[in-house]
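Q: So that we are looking at the same thing, I have put the structure below in structure tokens.
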Amino acid sequence: MFIDDIKTLRLTGRYFTLDASQWLHKQPQGLYCEPADCYIDPLHPVEHALITHAHADHAIGGHQSVTATASTLAIMQTRYGEDMAGSTQAVNYHEQITLGSPNDPVTCVFYPAGHILGSAQILLCYRGTRVVISGDYKRQSDPTCLPFEPVPCDVFITEATFALPVFKHPAIEQEMAKLLDSLAVFPERCHLVGVYALGKCQRVILALRAIGYTAPIYLHGAQRKLCDLYECQGIELGELIDVAEVSDKQSLAGNIVLAPPSALSDRWSRTLPNVRRAMASGWMQIRARAKQRQVELPLVVSDHCDWQALLDTIEEVNPNEVWITHGREDALLHALTQQGRTAQALSMVGYESDTQD
């Protein structure tokens, strides 16, 4: 077995470079680094987890120990409670830590991923092989987080959420201008915008502020805690008011209300005046998705790479191998193979979710 081989090599003092697939494996819990005895973004509680970012399809509570950026840990504690893990280790970007046996260590470094606050790529180095697990990432500008940093590596494990040529994400400023144009055309209507509470909500707020929208922005109660956390992390969002605090809901006509996508059609939304439903999501490029959600104003805003950004990133990182996960693997696999790159689909069970887009 692999562990026995490690013991033999340790005793004899003979070490050699291992292919990444010999020490980094797909397991039911998630991606497992055997010599470090840890999982990356596991879907079930484990003894030691490395977490790329705090979205629920990557970060859960209940691990014995969690290693992540300080912002990711703060978000996890906000969502799951102060006791969300047995112990935590906060790491800075570019800080090197050592995992596993001191005699046969795995070194680990977190780099910015540009996805949401605290998001990171994780570089694992073992016996001369460098593997970068991207987590989720984007290349568009986002003032709520540090931008993605290309990291040279032998194996790049990339997400593929929007890995189809049809996906081309416009600048967020363009989409927010559409929202403000709609407000001007329909001043009698409350503009209810579906945004995910973590990352998308705060990014949309800052994009509106950046193009000159200074009016209060109203929030569904589910958005408040994480907006408060972002402000505690030094990200100023301007005046935010909970809808629950508004006694006369008719006054919300001509204003912007941000709510979870699920709230767009539930009973809560019926208290708002003459609602014009919008949704900020990369999936809004697909008309059938907008129609299914009964969205009148689709806003194409994604916190992931589109097709071209994925291809450009892989070319920039220029790894020897690409492992593909989290989404539309087949198209990207085909494109990379056509380019002459070595690539494979990991087909990780449970990571096909498109809930955090």
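The chains in the structure tokens are called A, B, ... from first to last as shown; in each chain the residues are counted from 1, and the ligands are counted from 1 in the order shown.
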Per residue of range 249-336 of chain A within 10 Å of range 343-347 of chain A, what are the shortest atom pair and its distance in Å to one decimal, counting only C-alpha atoms, with rows by chain and residue number, as JSON lines?
A:
```
{"residue": "A:Pro319", "atom": "CA", "partner": "A:Ala343", "partner_atom": "CA", "distance": 9.9}
{"residue": "A:Asn320", "atom": "CA", "partner": "A:Ala343", "partner_atom": "CA", "distance": 8.8}
{"residue": "A:Glu321", "atom": "CA", "partner": "A:Ala343", "partner_atom": "CA", "distance": 5.5}
{"residue": "A:Val322", "atom": "CA", "partner": "A:Ala343", "partner_atom": "CA", "distance": 4.6}
{"residue": "A:Trp323", "atom": "CA", "partner": "A:Gln344", "partner_atom": "CA", "distance": 5.1}
{"residue": "A:Ile324", "atom": "CA", "partner": "A:Ala345", "partner_atom": "CA", "distance": 4.7}
{"residue": "A:Thr325", "atom": "CA", "partner": "A:Leu346", "partner_atom": "CA", "distance": 5.5}
{"residue": "A:His326", "atom": "CA", "partner": "A:Ser347", "partner_atom": "CA", "distance": 7.8}
{"residue": "A:Gly327", "atom": "CA", "partner": "A:Ser347", "partner_atom": "CA", "distance": 8.6}
{"residue": "A:Arg328", "atom": "CA", "partner": "A:Ala345", "partner_atom": "CA", "distance": 9.5}
{"residue": "A:Glu329", "atom": "CA", "partner": "A:Ala345", "partner_atom": "CA", "distance": 5.9}
{"residue": "A:Asp330", "atom": "CA", "partner": "A:Ala345", "partner_atom": "CA", "distance": 7.4}
{"residue": "A:Leu332", "atom": "CA", "partner": "A:Ala343", "partner_atom": "CA", "distance": 9.0}
{"residue": "A:Leu333", "atom": "CA", "partner": "A:Ala343", "partner_atom": "CA", "distance": 6.2}
{"residue": "A:His334", "atom": "CA", "partner": "A:Ala343", "partner_atom": "CA", "distance": 8.8}
{"residue": "A:Ala335", "atom": "CA", "partner": "A:Ala343", "partner_atom": "CA", "distance": 9.7}
{"residue": "A:Leu336", "atom": "CA", "partner": "A:Ala343", "partner_atom": "CA", "distance": 6.7}
```
Q: Next, write the just-selected residues to a file, as an mmCIF file, in the first residue's frame, keeping N, CA, C and O atoms as the atom set.
A:
```cif
data_model
loop_
_atom_site.group_PDB
_atom_site.id
_atom_site.type_symbol
_atom_site.label_atom_id
_atom_site.label_comp_id
_atom_site.auth_asym_id
_atom_site.auth_seq_id
_atom_site.Cartn_x
_atom_site.Cartn_y
_atom_site.Cartn_z
ATOM 1 N N PRO A 319 -0.080 24.547 -16.893
ATOM 2 C CA PRO A 319 0.319 23.348 -16.156
ATOM 3 C C PRO A 319 0.631 22.184 -17.100
ATOM 4 O O PRO A 319 0.245 22.196 -18.283
ATOM 5 N N ASN A 320 1.279 21.165 -16.576
ATOM 6 C CA ASN A 320 1.496 19.948 -17.354
ATOM 7 C C ASN A 320 0.193 19.161 -17.516
ATOM 8 O O ASN A 320 -0.008 18.496 -18.534
ATOM 9 N N GLU A 321 -0.657 19.215 -16.493
ATOM 10 C CA GLU A 321 -1.947 18.528 -16.526
ATOM 11 C C GLU A 321 -3.038 19.445 -15.988
ATOM 12 O O GLU A 321 -2.771 20.282 -15.118
ATOM 13 N N VAL A 322 -4.252 19.236 -16.486
ATOM 14 C CA VAL A 322 -5.417 19.936 -15.961
ATOM 15 C C VAL A 322 -6.426 18.893 -15.502
ATOM 16 O O VAL A 322 -6.761 17.976 -16.259
ATOM 17 N N TRP A 323 -6.863 19.016 -14.252
ATOM 18 C CA TRP A 323 -7.957 18.185 -13.731
ATOM 19 C C TRP A 323 -9.174 19.092 -13.608
ATOM 20 O O TRP A 323 -9.077 20.201 -13.083
ATOM 21 N N ILE A 324 -10.311 18.615 -14.063
ATOM 22 C CA ILE A 324 -11.501 19.461 -14.174
ATOM 23 C C ILE A 324 -12.584 18.954 -13.240
ATOM 24 O O ILE A 324 -12.862 17.754 -13.173
ATOM 25 N N THR A 325 -13.211 19.883 -12.535
ATOM 26 C CA THR A 325 -14.271 19.508 -11.609
ATOM 27 C C THR A 325 -15.277 20.643 -11.478
ATOM 28 O O THR A 325 -15.144 21.690 -12.103
ATOM 29 N N HIS A 326 -16.335 20.417 -10.683
ATOM 30 C CA HIS A 326 -17.333 21.450 -10.359
ATOM 31 C C HIS A 326 -18.041 21.993 -11.594
ATOM 32 O O HIS A 326 -18.021 23.190 -11.848
ATOM 33 N N GLY A 327 -18.671 21.138 -12.387
ATOM 34 C CA GLY A 327 -19.490 21.707 -13.451
ATOM 35 C C GLY A 327 -19.435 20.979 -14.772
ATOM 36 O O GLY A 327 -19.467 19.750 -14.830
ATOM 37 N N ARG A 328 -19.331 21.762 -15.843
ATOM 38 C CA ARG A 328 -19.429 21.251 -17.215
ATOM 39 C C ARG A 328 -18.064 20.762 -17.667
ATOM 40 O O ARG A 328 -17.316 21.484 -18.335
ATOM 41 N N GLU A 329 -17.729 19.551 -17.293
ATOM 42 C CA GLU A 329 -16.377 19.044 -17.507
ATOM 43 C C GLU A 329 -16.109 18.645 -18.953
ATOM 44 O O GLU A 329 -15.005 18.838 -19.470
ATOM 45 N N ASP A 330 -17.109 18.076 -19.625
ATOM 46 C CA ASP A 330 -16.875 17.444 -20.926
ATOM 47 C C ASP A 330 -16.391 18.434 -21.977
ATOM 48 O O ASP A 330 -15.458 18.142 -22.744
ATOM 49 N N LEU A 332 -14.910 21.378 -21.634
ATOM 50 C CA LEU A 332 -13.564 21.879 -21.354
ATOM 51 C C LEU A 332 -12.531 20.792 -21.587
ATOM 52 O O LEU A 332 -11.446 21.059 -22.129
ATOM 53 N N LEU A 333 -12.851 19.572 -21.208
ATOM 54 C CA LEU A 333 -11.950 18.453 -21.462
ATOM 55 C C LEU A 333 -11.673 18.311 -22.959
ATOM 56 O O LEU A 333 -10.526 18.149 -23.387
ATOM 57 N N HIS A 334 -12.733 18.399 -23.759
ATOM 58 C CA HIS A 334 -12.570 18.284 -25.215
ATOM 59 C C HIS A 334 -11.710 19.418 -25.762
ATOM 60 O O HIS A 334 -10.796 19.180 -26.567
ATOM 61 N N ALA A 335 -11.978 20.642 -25.319
ATOM 62 C CA ALA A 335 -11.224 21.786 -25.829
ATOM 63 C C ALA A 335 -9.746 21.687 -25.477
ATOM 64 O O ALA A 335 -8.874 21.966 -26.315
ATOM 65 N N LEU A 336 -9.444 21.283 -24.256
ATOM 66 C CA LEU A 336 -8.051 21.177 -23.841
ATOM 67 C C LEU A 336 -7.336 20.043 -24.561
ATOM 68 O O LEU A 336 -6.162 20.166 -24.933
#
```
Q: Please list as a list in words every residue within 9 Å of Arg224 in chain A, counting only C-alpha atoms and excluding residues in the same chain fewer than 6 positions away.
A: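 Contacts, with the query itself left out: Ala197, Leu240, Ile241 and Asp242 of chain A.
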Q: Give me, as a ChimeraX atom specification, all polymer residues having an atom no more than 8 Å from Lys138 in chain A, counting only C-alpha atoms and skipping those fewer than 5 positions away in the same chain.
A: /A:113-115,148,303-305,309
Q: Could you give me, as a Markdown table, a per-residue list for range 124-209 of chain A showing, wherever an atom lies at most 10 Å from an atom of range 282-295 of chain A, the closest pair of atoms and their distance in Å to one decimal, using only C-alpha atoms and sorting by chain then residue number from low to high?
A:
```
| residue | atom | partner | partner_atom | distance |
| --- | --- | --- | --- | --- |
| A:Thr161 | CA | A:Gly282 | CA | 9.6 |
| A:Phe162 | CA | A:Gly282 | CA | 8.0 |
| A:Val166 | CA | A:Gln285 | CA | 8.6 |
| A:Phe167 | CA | A:Gln285 | CA | 7.3 |
| A:Lys168 | CA | A:Gln285 | CA | 8.3 |
| A:His169 | CA | A:Gly282 | CA | 7.0 |
| A:Pro170 | CA | A:Gly282 | CA | 9.5 |
| A:Leu192 | CA | A:Val295 | CA | 9.8 |
| A:Val193 | CA | A:Val295 | CA | 9.2 |
| A:Gly194 | CA | A:Val295 | CA | 9.2 |
```
Q: State, in Å with one decimal place, the distance from CA of Ile314 in chain A to CA of Phe156 in chain A.
A: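 Going from CA of Ile314 in chain A over to CA of Phe156 in chain A covers 7.8 Å.
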Q: Please identify which residues in range 30-142 of chain A DSSP calls strand (DSSP E) from the backbone, and express them as a ChimeraX atom specification.
A: /A:30-33,38-40,48-50,63-69,85-91,96-99,106-112,120-126,129-133
Q: Pick the closest to Ala222 in chain A from A:Val204, A:Val185, A:Ala263, A:Ile75: which is it, counting only C-alpha atoms?
A: A:Ala263
Q: Do you have the CA of Ile157 in chain A-CA of Ile133 in chain A distance handy?
A: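 Here the two named atoms are 4.8 Å from each other.
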Q: Tell me which of A:Ser141, A:Asn274, A:Thr214, A:Gln223 sits closest to Arg189 in chain A, counting only C-alpha atoms.
A: A:Asn274
Q: I'd like the contact shell of Pro143 in chain A - 9 Å cut-off, only C-alpha atoms, skipping same-chain residues fewer than 2 positions apart - returned as a JSON list (two decimals) with C-alpha atoms, in the first residue's frame.
A:
```json
[["chain", "number", "residue", "atom", "x", "y", "z"],
["A", 141, "SER", "CA", -12.57, 42.89, -11.05],
["A", 145, "CYS", "CA", -11.83, 40.33, -2.60],
["A", 146, "LEU", "CA", -8.25, 40.15, -3.81],
["A", 147, "PRO", "CA", -7.84, 39.29, -7.51],
["A", 203, "ARG", "CA", -20.57, 42.69, -5.00],
["A", 206, "LEU", "CA", -20.59, 47.90, -4.43],
["A", 207, "ALA", "CA", -21.14, 47.85, -8.20],
["A", 235, "ILE", "CA", -15.77, 46.74, 3.06]]
```
Q: If you run DSSP on the backbone here, which positions in range 7-254 of chain A get alpha helix (DSSP H)? Please write them as number ranges by chain.
A: A: 7-12, 70-80, 172-185, 200-210, 221-232
Q: What's the 9 Å shell around Cys201 in chain A, counting only C-alpha atoms, without same-chain residues fewer than 6 positions away, as a count of residues only?
A: 9
Q: Can you measure CA of Leu50 in chain A to CA of Tyr126 in chain A for me? One decimal in Å is fine.
A: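 Separating CA of Leu50 in chain A from CA of Tyr126 in chain A is a distance of 15.8 Å.
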Q: Might you pull out every residue within 9 Å of Ile51 in chain A, with only C-alpha atoms counted and same-chain residues fewer than 5 positions away left off, and present them as a PyMOL selection string?
A: chain A and resi 39-42+58-59+66-69+72-73+119-120+122+135
Q: Determine the nearest neighbour of Leu219 in chain A from the options A:Thr52, A:Thr88, A:Ser302, A:Gln202, counting only C-alpha atoms.
A: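 Ranking A:Thr52, A:Thr88, A:Ser302, A:Gln202 by distance to Leu219 in chain A, first place goes to A:Gln202.
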